[in-house]
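Engineer: Mind looking over this structure? Questions follow.
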Amino acid sequence: MRVLLTGGAGFIGSHLSERLIKAGHDIICMDNLITGCESNIDHLKGNPSFEFVDHDVSNYIEVDGDVDAVLHLASLASPVDYLNYPIKTLKVGSLGTHNTLGVAKAKGAKYLLASTSEVYGDPLVNPQPETYWGNVNPIGPRGVYDESKRFAEALVLAYNRSHGIDTKIARIFNTYGERMRSHDGRVVPNFIDQIIGGESLTVYGDGSQTRSFCYVSDLIDGLMLLLESNVNEPVNLGNPAETSIMEFAKAVMGIAGKESEIVFEELPVDDPKVRRPDITKAKELLGWEPKVNLDEGLARTIKWFRNKQ
Ligand SMILES: NC(=O)c1ccc[n+]([C@@H]2O[C@H](COP(=O)([O-])OP(=O)(O)OC[C@H]3O[C@@H](n4cnc5c(N)ncnc54)[C@H](O)[C@@H]3O)[C@@H](O)[C@H]2O)c1
């Protein structure tokens with residue numbers, strides 16, 4: 001396939017580029033590098049199957065030649081980023097999704113949206129199945145991200161129903177691994193940077209809030225299976241092993257082999273108290289479930305963060 005991959009210079013996008021090339025596909029990686037980095041894709045640039053295009057997908061997109069699949073990953077994706085760029089976040093979820101769907105329609109390509117567990121907001125149901133409609137505050141500071149993805153999902157399904165485009169929606173839960181950015185406000189790089197730097201670990205709230213962490217290679221397996229499937233409705237992709245932030249802090253210390261003090265700060269507005277995917281659908285429809293446990297994934301990630309210092 002010839003694949004248009006937006007957000008391809010980001011954390012997940014760069015891993016997906018590698019996997020798609022390995023599977024024999026040609027990639028047009030489109031990214032405006034607002035949060036992505038060229039160092040994530042430098043090793044792919046000499047590959048004849050890889051082309052980088054510096055472009056903001058919230059503006060009209062032109063691609064010459066055939067395109068068989070459009071994968072829309074471009075977004076401001078971490079709390080620090082979407083709070084810094086609230087309007088760009090809404091634009092890439094709305095205009096960016098519209099523009100990329102336009103390419104899929106014009107080229108007769110299939111389409112995959114990287115959506116998020118944040119469509120469930122601060123959930124009143126745990127674990128979250130795809131049938132749960134969510135509990136989102138549309139006008140809170142996080143609303144710019146959550147609502148951009150909820151709008152994007154609605155638009156993708158409207159294109160599926162109105163134009164018959166073969167669309168897929170991955171509801172991605174917290175994913176971590178090599179190439180996450182330091183200081184992006186997500187708990188995994190925060191804790192790892194703090195422990196490597198000999199600083200205390202910052203826990204927001206009392207640390208009883210839960211998250212489920214999926215290692216990036218597992219997520220990429222899930223995205224590839226979804227892309228190849230005939231499933232058009234949203235599918236949760238995440239690791240159902242749920243851990244509290246306090247337990248997670250202890251796990252990071254254990255794997256890093258270092259102790260650190262924990263300091264507590266105020267919980268951000270609308271921070272979800274629980275987060276755990278129900279992955280029954282991914283298991284049944286895609287035959288997918290995560291394979292890498294937290295200790296193994298954390299060890300690989302911490303090693304990568306240490307080597308890049
Ligand atoms: N990492 C996670 O835990 C997670 C969880 C849920 C959903 N997601 C989704 O997965 C996708 C990838 O996330 P990530 O963690 O790799 O984040 P990331 O910030 O590393 O990657 C996002 C990429 O999109 C690019 N981008 C942003 N706006 C753009 C625009 N207007 N035009 C072109 N490029 C633009 C950025 O430069 C960056 O390279 C996002 O859509 C995100 O919402 C990620």
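So you can find residues: chains in the structure tokens are A, B, ... in the order shown, residues in each start at 1, and ligands are numbered from 1 in order.
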Just want the residues within 6 Å of ligand 1, written as a PyMOL selection string, counting only C-alpha atoms and all ligand atoms.

Structural biologist: chain A and resi 6-13+31-36+55-58+73-77+92+114-116+172-175

Engineer: For Glu130 of chain A, work out the shell of residues within 7 Å, counting only C-alpha atoms and skipping chain neighbours fewer than 5 positions away, then give it as a list in words.

Structural biologist: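 Within the cut-off, the hits are Pro234, Val235 and Asn236 of chain A.
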
Engineer: How about saving the chosen residues, C-alpha atoms kept, as a short mmCIF file (atom, residue, chain, number, x, y, z; two decimals), in the first residue's frame?

Structural biologist:
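To be explicit, this is the file written out as result-v4.cif:
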```cif
data_model
loop_
_atom_site.label_atom_id
_atom_site.label_comp_id
_atom_site.auth_asym_id
_atom_site.auth_seq_id
_atom_site.Cartn_x
_atom_site.Cartn_y
_atom_site.Cartn_z
CA PRO A 234 -14.45 2.14 17.33
CA VAL A 235 -12.17 -0.39 19.03
CA ASN A 236 -10.35 0.12 22.35
#
```

Engineer: Set the distance at 10 Å and use only C-alpha atoms: which residues neighbour Val80 of chain A once local chain neighbours fewer than 6 positions away are removed? I'd like the list as a ChimeraX atom specification.

Structural biologist: /A:183-186

Engineer: Restrict the selected residues to C-alpha atoms and save them as a PDB file, in the first residue's frame.

Structural biologist:
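So again-v2.pdb came out as:
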```
ATOM      1  CA  HIS A 183       8.440  17.231  29.831  1.00  0.00           C
ATOM      2  CA  ASP A 184       5.326  16.477  27.772  1.00  0.00           C
ATOM      3  CA  GLY A 185       3.285  16.250  30.953  1.00  0.00           C
ATOM      4  CA  ARG A 186       2.549  12.527  30.671  1.00  0.00           C
TER       5      ARG A 186
END
```

Engineer: Near segment 267-284 of chain A, within 10 Å and counting only C-alpha atoms, which residues show up once chain neighbours fewer than 2 positions away are dropped, as JSON, numbers by chain?

Structural biologist: {"A": [79, 117, 118, 120, 121, 122, 123, 124, 125, 126, 127, 128, 129, 130, 135, 136, 137, 140, 141, 142, 143, 170, 171, 172, 173, 174, 203, 204, 205, 206, 207, 208, 209, 210, 211, 212, 213, 222, 225, 226, 231, 234, 235, 236, 237, 238, 239, 240, 241, 242, 243, 244, 264, 265, 286, 287, 288, 289, 290]}

Engineer: List the spatial neighbours of segment 157-160 of chain A as a list in words - criterion: any atom at most 10 Å away, only C-alpha atoms, same-chain residues fewer than 2 positions off excluded.

Structural biologist: His98, Leu101, Gly102, Ala104, Lys105, Lys110, Tyr111, Ala152, Glu153, Ala154, Leu155, Ser162, His163, Gly164, Ile165, Asp166, Thr167, Lys168, Ile169, Asn232, Glu233 and Pro234 of chain A

Engineer: Output C-alpha atoms of each residue in that selection to a file, as a CSV table (one decimal), in the first residue's frame.

Structural biologist:
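That gives us selection29.csv:
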```
chain,number,residue,atom,x,y,z
A,98,HIS,CA,-11.9,16.7,7.5
A,101,LEU,CA,-11.0,12.2,5.1
A,102,GLY,CA,-11.1,14.4,1.9
A,104,ALA,CA,-9.3,9.2,1.5
A,105,LYS,CA,-12.5,10.0,-0.4
A,110,LYS,CA,-9.2,3.3,3.6
A,111,TYR,CA,-8.9,5.5,6.7
A,152,ALA,CA,-13.3,13.5,14.7
A,153,GLU,CA,-15.0,10.2,15.5
A,154,ALA,CA,-18.4,11.6,14.5
A,155,LEU,CA,-17.0,13.0,11.2
A,162,SER,CA,-22.4,9.0,3.6
A,163,HIS,CA,-19.5,8.1,1.3
A,164,GLY,CA,-18.9,4.5,2.0
A,165,ILE,CA,-15.3,5.0,3.0
A,166,ASP,CA,-13.8,2.0,4.8
A,167,THR,CA,-13.0,3.7,8.1
A,168,LYS,CA,-11.5,2.5,11.3
A,169,ILE,CA,-11.3,4.2,14.7
A,232,ASN,CA,-15.6,0.0,11.1
A,233,GLU,CA,-16.8,0.9,14.5
A,234,PRO,CA,-14.4,2.1,17.3
```

Engineer: Mind checking DSSP for segment 160-230 of chain A and telling me the strand (DSSP E) residues as a compact mmCIF listing (two decimals) with C-alpha atoms, in the first residue's frame?

Structural biologist:
```
# COMPACT_ATOMS: atom_id res chain seq x y z
CA THR A 167 -12.98 3.73 8.09
CA LYS A 168 -11.46 2.51 11.35
CA ILE A 169 -11.32 4.20 14.74
CA ALA A 170 -8.72 3.18 17.33
CA ARG A 171 -9.52 4.41 20.86
CA ILE A 172 -5.97 4.43 22.17
CA THR A 175 0.73 4.16 25.58
CA TYR A 176 4.39 4.47 26.50
CA LEU A 201 8.55 12.17 41.77
CA THR A 202 5.54 14.45 41.35
CA VAL A 203 2.21 12.79 42.03
CA TYR A 204 -0.94 14.80 41.30
CA THR A 210 -5.66 4.65 38.15
CA ARG A 211 -4.20 4.28 34.67
CA SER A 212 -3.44 1.33 32.37
CA CYS A 214 0.26 -0.18 27.04
CA TYR A 215 3.75 -0.69 25.63
```

Engineer: Extract, using only C-alpha atoms, all DNA, RNA and protein residues at most 10 Å from Asn47 of chain A, discarding same-chain residues fewer than 4 positions from it, and format them as a list of chain:residue names.

Structural biologist: A:Ile21, A:Asp26, A:Ile27, A:Asp42, A:His43, A:Glu51

Engineer: With distances taken over only C-alpha atoms, which residue among A:Gly65, A:Asn230, A:Val119, A:Val187 lies nearest Ile245 of chain A?

Structural biologist: A:Val187

Engineer: Quick one, how far is atom CA of Lys308 of chain A from atom CA of Val53 of chain A?

Structural biologist: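 Between atom CA of Lys308 of chain A and atom CA of Val53 of chain A the gap works out to 26.0 Å.
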
Engineer: State, in Å with one decimal place, the distance from atom CA of Thr131 of chain A to atom CA of Leu227 of chain A.

Structural biologist: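 That distance, rounded to one decimal, is 20.7 Å.
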
Engineer: Can you work out the spacing between atom CA of Arg19 of chain A and atom CA of Leu5 of chain A in Å, to one decimal?

Structural biologist: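 If I compute the distance from atom CA of Arg19 of chain A to atom CA of Leu5 of chain A, I get 12.1 Å.
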
Engineer: May I have the residues within 12 Å of Gly257 of chain A as a count of residues only, using only C-alpha atoms and disregarding those fewer than 4 positions away in the same chain?

Structural biologist: 12

Engineer: Using DSSP on the backbone coordinates, identify all residues within segment 113-309 of chain A classified as helix (DSSP H, G or I); present the result as an NGL selection string.

Structural biologist: :A and (117-120 or 143-163 or 187-196 or 216-228 or 245-256 or 280-286 or 294-308)
